[in-house]
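Undergrad: As input, take entry_17.cif (mmCIF, C-alpha atoms):
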```
data_target
#
loop_
_atom_site.label_atom_id
_atom_site.label_comp_id
_atom_site.auth_asym_id
_atom_site.auth_seq_id
_atom_site.Cartn_x
_atom_site.Cartn_y
_atom_site.Cartn_z
CA MET A 1 81.73 88.95 73.78
CA THR A 2 85.31 89.51 74.84
CA ILE A 3 87.97 87.60 72.91
CA ALA A 4 91.56 87.60 74.13
CA VAL A 5 94.41 86.80 71.79
CA ALA A 6 97.19 85.25 73.85
CA SER A 7 100.16 82.92 73.46
CA GLY A 8 102.70 81.21 75.61
CA LYS A 9 105.62 82.15 73.43
CA GLY A 10 106.23 85.75 72.45
CA GLY A 11 106.55 86.77 68.82
CA THR A 12 104.08 84.23 67.48
CA GLY A 13 101.71 86.82 66.03
CA LYS A 14 99.26 87.87 68.75
CA THR A 15 99.20 91.48 67.59
CA THR A 16 98.90 90.45 63.95
CA ILE A 17 95.90 88.23 64.70
CA ALA A 18 94.22 90.66 67.12
CA ALA A 19 94.64 93.80 65.00
CA ASN A 20 93.76 92.17 61.69
CA MET A 21 90.72 90.44 63.17
CA ALA A 22 89.58 93.78 64.66
CA VAL A 23 89.73 95.64 61.33
CA SER A 24 88.31 92.71 59.33
CA SER A 25 85.26 92.10 61.51
CA PRO A 26 81.92 92.70 59.80
CA GLU A 27 80.77 94.88 62.71
CA PRO A 28 82.49 97.64 64.72
CA VAL A 29 84.45 96.26 67.64
CA LYS A 30 86.78 97.57 70.30
CA LEU A 31 90.44 96.58 70.22
CA ILE A 32 92.29 96.74 73.54
CA ASP A 33 96.05 96.39 73.81
CA CYS A 34 96.71 94.90 77.25
CA ASP A 35 100.37 94.17 76.54
CA VAL A 36 101.11 97.23 78.64
CA GLU A 37 104.84 96.62 78.90
CA GLU A 38 105.22 97.04 75.16
CA PRO A 39 101.91 97.92 73.49
CA ASN A 40 102.29 97.81 69.71
CA CYS A 41 98.78 97.53 68.23
CA HIS A 42 98.81 101.30 67.80
CA ILE A 43 101.62 101.03 65.23
CA PHE A 44 99.30 99.10 62.89
CA ILE A 45 96.00 100.73 63.88
CA ASN A 46 97.27 104.32 63.92
CA PRO A 47 94.41 105.42 66.14
CA LEU A 48 93.35 108.96 66.83
CA ILE A 49 93.96 109.17 70.59
CA GLU A 50 91.11 111.11 72.18
CA SER A 51 91.74 110.72 75.88
CA ARG A 52 94.55 109.81 78.17
CA LYS A 53 94.50 109.32 81.90
CA ASN A 54 97.07 108.45 84.50
CA VAL A 55 96.71 105.24 86.48
CA GLY A 56 98.16 104.85 89.92
CA ILE A 57 98.11 102.33 92.71
CA PRO A 58 97.64 103.27 96.36
CA VAL A 59 100.81 103.02 98.42
CA PRO A 60 101.16 103.71 102.14
CA HIS A 61 102.45 106.89 103.66
CA ALA A 62 103.16 106.82 107.40
CA ASP A 63 102.68 109.90 109.57
CA PRO A 64 105.59 109.97 112.05
CA GLU A 65 103.48 111.96 114.54
CA LYS A 66 100.86 109.23 114.79
CA CYS A 67 103.02 106.08 114.35
CA ASN A 68 103.75 104.20 117.56
CA ALA A 69 106.12 101.74 115.86
CA CYS A 70 103.97 98.73 116.77
CA GLY A 71 104.93 96.92 113.56
CA GLU A 72 101.46 95.67 112.56
CA CYS A 73 101.84 97.15 109.06
CA GLY A 74 104.98 95.18 108.37
CA ARG A 75 103.46 91.94 109.67
CA ILE A 76 100.46 92.03 107.35
CA CYS A 77 102.41 92.96 104.21
CA GLN A 78 103.03 89.88 102.05
CA TYR A 79 105.43 91.69 99.74
CA ASN A 80 107.78 93.33 102.26
CA ALA A 81 106.73 96.68 100.85
CA ILE A 82 106.46 98.17 104.32
CA VAL A 83 108.84 97.17 107.03
CA ALA A 84 108.42 97.97 110.69
CA LEU A 85 111.64 98.90 112.39
CA LYS A 86 111.91 100.07 115.98
CA THR A 87 111.11 103.65 115.15
CA GLN A 88 109.24 104.26 111.91
CA PRO A 89 107.94 102.07 109.12
CA LEU A 90 109.98 102.17 105.95
CA VAL A 91 108.04 102.01 102.67
CA PHE A 92 109.22 100.46 99.40
CA PRO A 93 106.60 101.75 96.95
CA GLU A 94 107.84 99.67 94.00
CA LEU A 95 107.13 96.45 95.92
CA CYS A 96 103.63 97.52 97.02
CA HIS A 97 100.66 95.79 95.37
CA GLY A 98 98.26 98.40 96.73
CA CYS A 99 96.08 96.06 98.81
CA GLY A 100 95.61 98.58 101.62
CA GLY A 101 96.14 96.01 104.38
CA CYS A 102 98.67 98.13 106.28
CA ALA A 103 96.33 101.11 106.52
CA LEU A 104 93.55 98.77 107.68
CA VAL A 105 95.51 97.21 110.55
CA CYS A 106 97.27 100.38 111.73
CA PRO A 107 95.83 100.96 115.25
CA THR A 108 96.73 104.66 115.36
CA GLY A 109 95.56 105.65 111.88
CA ALA A 110 99.07 106.73 110.97
CA ILE A 111 98.92 105.27 107.47
CA THR A 112 97.21 107.03 104.62
CA GLU A 113 97.32 105.89 101.04
CA VAL A 114 98.76 108.02 98.29
CA ASP A 115 98.66 107.27 94.58
CA ARG A 116 101.82 106.16 92.87
CA ASP A 117 101.73 106.58 89.09
CA ILE A 118 102.36 103.35 87.19
CA GLY A 119 101.24 104.24 83.67
CA VAL A 120 98.50 105.65 81.44
CA VAL A 121 95.37 104.46 79.70
CA GLU A 122 94.66 105.89 76.26
CA GLU A 123 91.37 105.76 74.39
CA GLY A 124 90.96 106.47 70.71
CA THR A 125 89.34 105.52 67.44
CA ARG A 126 90.12 104.51 63.90
CA GLY A 127 86.98 105.08 61.89
CA ASP A 128 84.31 103.04 63.66
CA LEU A 129 86.88 100.89 65.44
CA LEU A 130 87.25 101.76 69.11
CA PHE A 131 90.72 101.45 70.52
CA SER A 132 92.39 101.58 73.90
CA GLN A 133 95.74 100.68 75.33
CA GLY A 134 97.70 100.76 78.56
CA ILE A 135 101.25 102.04 78.65
CA LEU A 136 103.25 101.01 81.70
CA ASN A 137 105.94 103.39 82.90
CA VAL A 138 109.44 102.31 81.94
CA GLY A 139 111.06 100.31 84.74
CA GLU A 140 107.72 99.63 86.43
CA ALA A 141 107.04 96.00 87.41
CA MET A 142 103.40 96.25 88.51
CA ALA A 143 101.51 95.54 85.28
CA PRO A 144 98.27 93.93 86.58
CA PRO A 145 96.71 97.05 88.17
CA LEU A 146 97.20 98.95 84.90
CA ILE A 147 95.78 96.03 82.90
CA ARG A 148 92.69 96.03 85.14
CA ALA A 149 92.35 99.78 84.58
CA VAL A 150 92.55 99.35 80.79
CA ARG A 151 89.93 96.59 80.90
CA ARG A 152 87.62 98.72 83.10
CA ASN A 153 88.04 101.93 81.15
CA GLY A 154 85.47 102.87 78.50
CA GLN A 155 83.35 99.73 78.61
CA VAL A 156 81.33 99.13 75.47
CA LYS A 157 78.40 97.07 74.26
CA SER A 158 80.17 95.90 71.12
CA ASN A 159 82.43 92.87 71.02
CA VAL A 160 85.95 93.38 72.35
CA ILE A 161 89.21 91.92 71.03
CA ILE A 162 92.14 92.01 73.42
CA ASP A 163 95.81 91.75 72.50
CA ALA A 164 97.27 90.01 75.57
CA PRO A 165 100.82 90.03 76.89
CA PRO A 166 102.88 86.90 76.17
CA GLY A 167 103.59 84.17 78.70
CA THR A 168 101.45 82.61 81.40
CA SER A 169 102.14 84.83 84.41
CA CYS A 170 100.13 87.49 86.30
CA PRO A 171 99.79 90.03 83.43
CA VAL A 172 98.26 87.38 81.14
CA VAL A 173 96.04 85.87 83.82
CA THR A 174 94.80 89.39 84.67
CA THR A 175 94.17 90.11 80.99
CA ILE A 176 92.17 86.98 80.17
CA SER A 177 90.19 86.85 83.44
CA GLY A 178 86.54 87.29 82.59
CA CYS A 179 87.07 86.86 78.85
CA ASP A 180 84.61 84.66 76.97
CA TYR A 181 87.13 83.09 74.63
CA VAL A 182 90.89 82.89 74.22
CA VAL A 183 92.72 82.50 70.92
CA LEU A 184 96.14 80.94 71.54
CA VAL A 185 98.55 81.85 68.78
CA THR A 186 101.50 79.55 68.28
CA GLU A 187 104.05 78.48 65.70
CA PRO A 188 104.89 74.91 64.69
CA THR A 189 108.29 74.77 66.41
CA PRO A 190 109.50 73.05 69.59
CA PHE A 191 109.51 76.45 71.34
CA GLY A 192 106.01 77.19 70.10
CA LEU A 193 104.73 73.82 71.30
CA ASN A 194 106.43 74.01 74.70
CA ASP A 195 104.85 77.36 75.47
CA LEU A 196 101.50 76.41 73.93
CA VAL A 197 101.25 73.50 76.37
CA LEU A 198 101.78 75.93 79.27
CA ALA A 199 99.20 78.35 77.86
CA VAL A 200 96.67 75.51 77.40
CA GLU A 201 97.17 74.52 81.05
CA MET A 202 96.51 78.12 82.03
CA VAL A 203 93.24 78.55 80.09
CA ARG A 204 92.01 75.10 81.12
CA THR A 205 92.68 75.94 84.78
CA MET A 206 90.78 79.20 84.30
CA LYS A 207 87.97 77.31 82.50
CA ILE A 208 87.92 79.66 79.50
CA PRO A 209 86.96 78.19 76.10
CA PHE A 210 89.83 78.43 73.63
CA GLY A 211 91.17 77.50 70.22
CA VAL A 212 94.54 77.63 68.51
CA VAL A 213 95.85 79.64 65.57
CA ILE A 214 99.01 78.25 63.99
CA ASN A 215 101.00 81.06 62.45
CA ARG A 216 103.70 80.39 59.84
CA SER A 217 102.08 76.97 59.72
CA ASP A 218 104.28 75.56 56.95
CA ILE A 219 107.58 75.95 58.82
CA GLY A 220 108.93 73.70 61.59
CA ASP A 221 107.33 70.34 62.27
CA ASP A 222 103.87 68.85 62.85
CA ALA A 223 104.17 68.36 66.63
CA VAL A 224 101.80 71.27 67.40
CA LYS A 225 99.10 69.76 65.18
CA LYS A 226 99.60 66.35 66.72
CA TYR A 227 99.34 67.85 70.21
CA CYS A 228 96.10 69.65 69.31
CA ARG A 229 94.67 66.46 67.82
CA ASP A 230 95.62 64.39 70.88
CA GLN A 231 94.24 67.00 73.26
CA ASP A 232 91.08 67.55 71.21
CA ILE A 233 91.88 71.24 70.76
CA GLU A 234 90.30 73.10 67.85
CA ILE A 235 92.70 74.62 65.33
CA LEU A 236 90.90 77.77 64.27
CA LEU A 237 93.24 78.88 61.53
CA GLU A 238 96.55 78.01 59.92
CA LEU A 239 98.39 80.90 58.33
CA PRO A 240 101.25 79.86 56.04
CA HIS A 241 104.52 81.75 56.14
CA ASP A 242 104.28 84.62 53.68
CA ARG A 243 106.99 87.14 52.92
CA ARG A 244 104.36 89.75 52.05
CA VAL A 245 102.99 89.59 55.62
CA ALA A 246 106.46 90.26 56.99
CA GLU A 247 106.90 93.14 54.56
CA ALA A 248 103.58 94.69 55.57
CA TYR A 249 104.48 94.24 59.23
CA SER A 250 107.86 95.92 58.78
CA LYS A 251 106.10 98.95 57.29
CA GLY A 252 103.54 99.09 60.10
CA GLU A 253 100.75 98.04 57.76
CA LEU A 254 97.94 95.61 58.47
CA ALA A 255 98.38 92.43 56.42
CA SER A 256 94.62 92.18 55.85
CA GLU A 257 94.64 95.62 54.24
CA SER A 258 97.78 95.12 52.14
CA ILE A 259 97.07 91.59 50.96
CA ASP A 260 93.61 91.12 49.50
CA GLU A 261 93.14 87.41 50.11
CA LEU A 262 93.88 87.69 53.85
CA LYS A 263 90.94 89.87 54.87
CA PRO A 264 88.30 87.13 54.36
CA LEU A 265 90.38 84.74 56.49
CA PHE A 266 90.40 87.15 59.44
CA GLU A 267 86.75 88.02 58.95
CA ASP A 268 85.85 84.34 58.91
CA LEU A 269 87.93 83.75 62.05
CA TYR A 270 86.02 86.53 63.84
CA VAL A 271 82.65 85.23 62.68
CA ARG A 272 83.39 81.66 63.72
CA ILE A 273 84.62 82.71 67.17
CA THR A 274 81.71 85.06 67.85
CA ALA A 275 79.28 82.31 66.76
CA LYS A 276 80.56 80.26 69.70
CA LYS A 277 78.99 82.72 72.14
CA ASN A 278 75.61 81.12 71.65
CA MET B 1 127.55 94.53 120.66
CA LYS B 2 125.76 91.98 118.49
CA VAL B 3 127.33 91.23 115.12
CA ALA B 4 125.49 89.24 112.45
CA VAL B 5 127.42 87.27 109.83
CA THR B 6 125.66 85.59 106.90
CA SER B 7 126.62 81.94 107.09
CA LYS B 8 126.32 78.72 105.16
CA GLY B 9 126.68 76.67 108.32
CA VAL B 10 125.76 76.73 112.00
CA THR B 11 129.20 77.08 113.64
CA LEU B 12 131.88 79.77 113.71
CA ASP B 13 133.94 77.56 111.37
CA ALA B 14 131.27 77.79 108.68
CA GLU B 15 131.77 79.64 105.45
CA VAL B 16 130.32 83.12 104.99
CA ASP B 17 127.23 83.11 102.73
CA LEU B 18 127.90 85.82 100.17
CA ARG B 19 124.20 86.65 99.90
CA PHE B 20 122.45 88.76 102.51
CA GLY B 21 118.70 88.61 101.85
CA ARG B 22 118.80 84.97 100.85
CA ALA B 23 121.58 83.85 103.17
CA GLU B 24 121.05 80.37 104.57
CA GLN B 25 121.33 81.68 108.13
CA PHE B 26 122.83 84.36 110.31
CA ILE B 27 125.34 83.75 113.03
CA VAL B 28 124.70 86.45 115.59
CA PHE B 29 127.77 86.88 117.75
CA ASP B 30 127.76 88.86 121.00
CA THR B 31 131.17 90.51 121.41
CA GLU B 32 130.67 90.95 125.17
CA THR B 33 129.73 87.40 126.11
CA GLU B 34 131.56 85.85 123.11
CA LYS B 35 128.55 83.59 122.62
CA TYR B 36 126.60 83.20 119.41
CA GLN B 37 123.19 82.14 118.25
CA VAL B 38 122.16 80.76 114.87
CA VAL B 39 119.21 82.57 113.30
CA SER B 40 117.39 80.83 110.47
CA ASN B 41 116.61 82.82 107.34
CA SER B 42 114.58 80.06 105.70
CA GLN B 43 111.46 82.24 105.32
CA ASN B 44 113.41 84.47 102.94
CA LEU B 45 115.11 81.82 100.85
CA ASN B 46 112.00 81.42 98.76
CA ALA B 47 110.52 84.91 99.07
CA ALA B 48 109.48 86.29 95.69
CA LYS B 49 110.68 89.78 96.49
CA GLY B 50 111.88 91.82 99.42
CA ALA B 51 114.11 89.15 100.97
CA GLY B 52 116.76 91.71 101.89
CA ILE B 53 114.17 93.96 103.54
CA GLN B 54 112.82 91.08 105.63
CA ALA B 55 116.29 89.90 106.58
CA ALA B 56 117.21 93.40 107.71
CA GLU B 57 114.07 93.56 109.82
CA THR B 58 114.98 90.24 111.45
CA LEU B 59 118.39 91.62 112.43
CA SER B 60 116.82 94.83 113.71
CA ARG B 61 114.50 92.84 116.00
CA LEU B 62 117.51 91.00 117.40
CA ASP B 63 119.20 94.33 118.25
CA VAL B 64 122.06 93.57 115.90
CA GLU B 65 124.32 96.59 115.46
CA CYS B 66 126.64 95.33 112.78
CA LEU B 67 126.33 93.08 109.70
CA ILE B 68 129.07 91.25 107.82
CA SER B 69 128.17 89.73 104.44
CA GLY B 70 129.38 89.27 100.90
CA HIS B 71 126.97 91.64 99.23
CA CYS B 72 124.09 93.96 99.96
CA GLY B 73 121.39 95.21 97.56
CA PRO B 74 119.75 98.64 97.56
CA ASN B 75 116.57 97.81 99.48
CA ALA B 76 118.46 95.86 102.13
CA TYR B 77 120.94 98.73 102.41
CA ARG B 78 118.17 101.25 102.92
CA THR B 79 116.48 99.11 105.56
CA LEU B 80 119.70 98.30 107.44
CA ASN B 81 120.58 101.99 107.41
CA ALA B 82 117.20 102.99 108.76
CA ALA B 83 117.64 100.38 111.49
CA GLY B 84 121.02 101.85 112.35
CA ILE B 85 122.91 98.67 111.50
CA ARG B 86 126.48 99.14 110.22
CA ILE B 87 127.20 97.16 107.06
CA TYR B 88 130.42 95.47 105.99
CA THR B 89 130.33 93.84 102.55
CA GLY B 90 133.02 91.99 100.61
CA ALA B 91 133.34 89.28 103.26
CA SER B 92 134.32 85.71 102.38
CA GLY B 93 135.95 82.71 104.00
CA LYS B 94 135.23 81.59 107.55
CA VAL B 95 132.75 83.35 109.82
CA SER B 96 135.29 83.33 112.69
CA ASP B 97 137.93 85.01 110.51
CA MET B 98 135.55 87.78 109.63
CA LEU B 99 134.71 88.36 113.29
CA LYS B 100 138.44 88.60 114.04
CA ALA B 101 138.95 91.01 111.16
CA LEU B 102 136.16 93.20 112.49
CA GLU B 103 137.67 93.23 115.95
CA ALA B 104 141.07 94.11 114.50
CA GLY B 105 139.50 97.01 112.62
CA ASP B 106 140.38 95.49 109.24
CA LEU B 107 136.89 95.85 107.75
CA GLN B 108 135.65 98.96 105.99
CA PRO B 109 131.97 99.92 106.36
CA ALA B 110 130.07 99.86 103.06
CA GLY B 111 129.10 103.33 101.86
CA ALA B 112 126.48 102.04 99.42
CA ALA B 113 124.75 98.94 98.11
CA ASP B 114 127.13 96.89 95.99
CA LYS B 115 124.50 95.00 94.01
CA ALA B 116 121.48 96.00 91.95
CA GLY B 117 118.04 94.98 93.18
CA HIS B 118 116.75 91.55 92.23
CA TRP B 119 113.09 92.38 92.33
CA VAL B 120 112.53 93.07 88.63
#
```
Show me, as structure tokens, the structure contained in the file I just sent.
TA:
Amino acid sequence: MTIAVASGKGGTGKTTIAANMAVSSPEPVKLIDCDVEEPNCHIFINPLIESRKNVGIPVPHADPEKCNACGECGRICQYNAIVALKTQPLVFPELCHGCGGCALVCPTGAITEVDRDIGVVEEGTRGDLLFSQGILNVGEAMAPPLIRAVRRNGQVKSNVIIDAPPGTSCPVVTTISGCDYVVLVTEPTPFGLNDLVLAVEMVRTMKIPFGVVINRSDIGDDAVKKYCRDQDIEILLELPHDRRVAEAYSKGELASESIDELKPLFEDLYVRITAKKN
Amino acid sequence: MKVAVTSKGVTLDAEVDLRFGRAEQFIVFDTETEKYQVVSNSQNLNAAKGAGIQAAETLSRLDVECLISGHCGPNAYRTLNAAGIRIYTGASGKVSDMLKALEAGDLQPAGAADKAGHWV
């Protein structure tokens, strides 16, 4: 079973929920950090990184000897990553999504594809916990191909917990595609609710079963709870605001390992979610 | 010579559109015949990315040799350069005034993009 921990709003506690659930589960799992623009699970997990590989996307390279400047490559490109001028095509690698369409339509075979590095995938362990993460190059905008590479890399039979990027755009959709369950983490504030509603629309559109975790549940107002009740959405867990959790976080420690009474809560959350598989 | 000016309207009296890639339209003026055509840029107004690149390609297809606009980003600059189109940025006011200024030699060609890319 693959469980993604996502949220509309950033900073609600995705990493806290994902990492603590991963170390509190009664069986070994794999934790994947798909928030490739700023992966931070590793700070709390402290994994032993055992392998690292570069991930690239194919971008076109035009051979001036073979190009007849017909312009087909530019016409098929939906992202203006290759533009056909009167002489030679001009390539903008950072706009290229790597679909390969230009090479396919080129009548003279002038276009070959070369890899452009966008980031790395790392695999590691922490005891019997398996860990992997994607790290996108600084300044790079093309997160989804790296996220797909992280998801594909080192597939396992055990259950997988994924720390997703925030928001509801391509990186998140790529991350949760094919997942069996999504945990939406929110906070009981107007911002939390606004972005939760967007995230709920996303998972409902993608037809993925989901539930909500309300973090810092005793701050703010009760609008999130009311929304969940009205929409018939299961609230999986409410975690009250606790200074000790913030202190553990600031030291890079896992709350479930620093605060005794939290571990059973995360274990129970994992058990209840995995029970939904059947 | 064909000169393109980014424009908010469809006549020579119209105001220069300061944007290049997402300009409302181009007024393409032929200095020999003194006639002009209005070229729509609507396909680029809502483009997610690469509007400047597309707009530059449009001008290249029309055999434009010279562009007058308010600003020009890095990708548009690269494309216009590759297409051999001279670029004048910093334009404002009426399209017709800019054409006169060009004819009088009052405009300085841009040596570089004057805006950062918008694609991030």
Undergrad: Env of Glu15 in chain B: 6 Å cut, atoms = all atoms listed in the file, seq-sep filter 3 positions within chain, self excluded. Answer as a PDB file with C-alpha atoms, in the frame of the given file.
TA:
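Done, and the output landed in result33.pdb:
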```pdb
ATOM      1  CA  SER B   7     126.620  81.940 107.090  1.00  0.00           C
ATOM      2  CA  LYS B   8     126.320  78.720 105.160  1.00  0.00           C
ATOM      3  CA  GLY B  93     135.950  82.710 104.000  1.00  0.00           C
ATOM      4  CA  LYS B  94     135.230  81.590 107.550  1.00  0.00           C
ATOM      5  CA  VAL B  95     132.750  83.350 109.820  1.00  0.00           C
TER       6      VAL B  95
END
```
Undergrad: Write out as a ChimeraX atom specification which residues come within 12 Å of Ala116 in chain B when counting all atoms listed in the file, dropping same-chain ones fewer than 4 positions away.
TA: /B:52,71-77,112,120
Undergrad: Would you translate the PyMOL selection byres ((chain B and resi 59-66) around 6) into the concrete set of residues it matches in this file, as a list in words?
TA: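 Those residues are Lys2, Val3, Ala56, Glu57, Thr58, Leu67, Ile85 and Arg86 of chain B.
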Undergrad: Starting from the shown file, work through the PyMOL selection byres ((chain A and resi 131-146) around 8) and note down what comes out as a PDB file with C-alpha atoms, in the coordinates of the input.
TA:
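That gives us selection.pdb:
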```
ATOM      1  CA  LYS A  30      86.780  97.570  70.300  1.00  0.00           C
ATOM      2  CA  LEU A  31      90.440  96.580  70.220  1.00  0.00           C
ATOM      3  CA  ILE A  32      92.290  96.740  73.540  1.00  0.00           C
ATOM      4  CA  ASP A  33      96.050  96.390  73.810  1.00  0.00           C
ATOM      5  CA  CYS A  34      96.710  94.900  77.250  1.00  0.00           C
ATOM      6  CA  ASP A  35     100.370  94.170  76.540  1.00  0.00           C
ATOM      7  CA  VAL A  36     101.110  97.230  78.640  1.00  0.00           C
ATOM      8  CA  GLU A  37     104.840  96.620  78.900  1.00  0.00           C
ATOM      9  CA  GLU A  38     105.220  97.040  75.160  1.00  0.00           C
ATOM     10  CA  PRO A  39     101.910  97.920  73.490  1.00  0.00           C
ATOM     11  CA  PRO A  47      94.410 105.420  66.140  1.00  0.00           C
ATOM     12  CA  VAL A  55      96.710 105.240  86.480  1.00  0.00           C
ATOM     13  CA  GLY A  56      98.160 104.850  89.920  1.00  0.00           C
ATOM     14  CA  ILE A  57      98.110 102.330  92.710  1.00  0.00           C
ATOM     15  CA  GLU A  94     107.840  99.670  94.000  1.00  0.00           C
ATOM     16  CA  HIS A  97     100.660  95.790  95.370  1.00  0.00           C
ATOM     17  CA  ILE A 118     102.360 103.350  87.190  1.00  0.00           C
ATOM     18  CA  GLY A 119     101.240 104.240  83.670  1.00  0.00           C
ATOM     19  CA  VAL A 120      98.500 105.650  81.440  1.00  0.00           C
ATOM     20  CA  VAL A 121      95.370 104.460  79.700  1.00  0.00           C
ATOM     21  CA  GLU A 122      94.660 105.890  76.260  1.00  0.00           C
ATOM     22  CA  GLU A 123      91.370 105.760  74.390  1.00  0.00           C
ATOM     23  CA  GLY A 124      90.960 106.470  70.710  1.00  0.00           C
ATOM     24  CA  THR A 125      89.340 105.520  67.440  1.00  0.00           C
ATOM     25  CA  ARG A 126      90.120 104.510  63.900  1.00  0.00           C
ATOM     26  CA  LEU A 129      86.880 100.890  65.440  1.00  0.00           C
ATOM     27  CA  LEU A 130      87.250 101.760  69.110  1.00  0.00           C
ATOM     28  CA  ILE A 147      95.780  96.030  82.900  1.00  0.00           C
ATOM     29  CA  ARG A 148      92.690  96.030  85.140  1.00  0.00           C
ATOM     30  CA  ALA A 149      92.350  99.780  84.580  1.00  0.00           C
ATOM     31  CA  VAL A 150      92.550  99.350  80.790  1.00  0.00           C
ATOM     32  CA  CYS A 170     100.130  87.490  86.300  1.00  0.00           C
ATOM     33  CA  PRO A 171      99.790  90.030  83.430  1.00  0.00           C
ATOM     34  CA  THR A 174      94.800  89.390  84.670  1.00  0.00           C
ATOM     35  CA  THR A 175      94.170  90.110  80.990  1.00  0.00           C
TER      36      THR A 175
ATOM     37  CA  VAL B 120     112.530  93.070  88.630  1.00  0.00           C
TER      38      VAL B 120
END
```
Undergrad: Check which residues satisfy the PyMOL selection byres ((chain B) within 9 of (chain A)) in the file shown, then give them as a PyMOL selection string.
TA: chain B and resi 47-51+53-54+57+60-61+75+78-79+82-83+119-120
Undergrad: CA of Met206 in chain A to CA of Thr189 in chain A: how many Å, to one decimal?
TA: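 Separation between CA of Met206 in chain A and CA of Thr189 in chain A: 25.4 Å.
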Undergrad: For His241 in chain A, list every protein, DNA or RNA residue within 12 Å, evaluated using only C-alpha atoms, and leave out those in the same chain fewer than 3 positions away; present the list as a list of chain:residue names.
TA: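 Answer for this query is A:Thr12, A:Gly13, A:Glu187, A:Pro188, A:Ile214, A:Asn215, A:Arg216, A:Ser217, A:Asp218, A:Ile219, A:Gly220, A:Glu238, A:Arg244, A:Val245, A:Ala246, A:Glu247.
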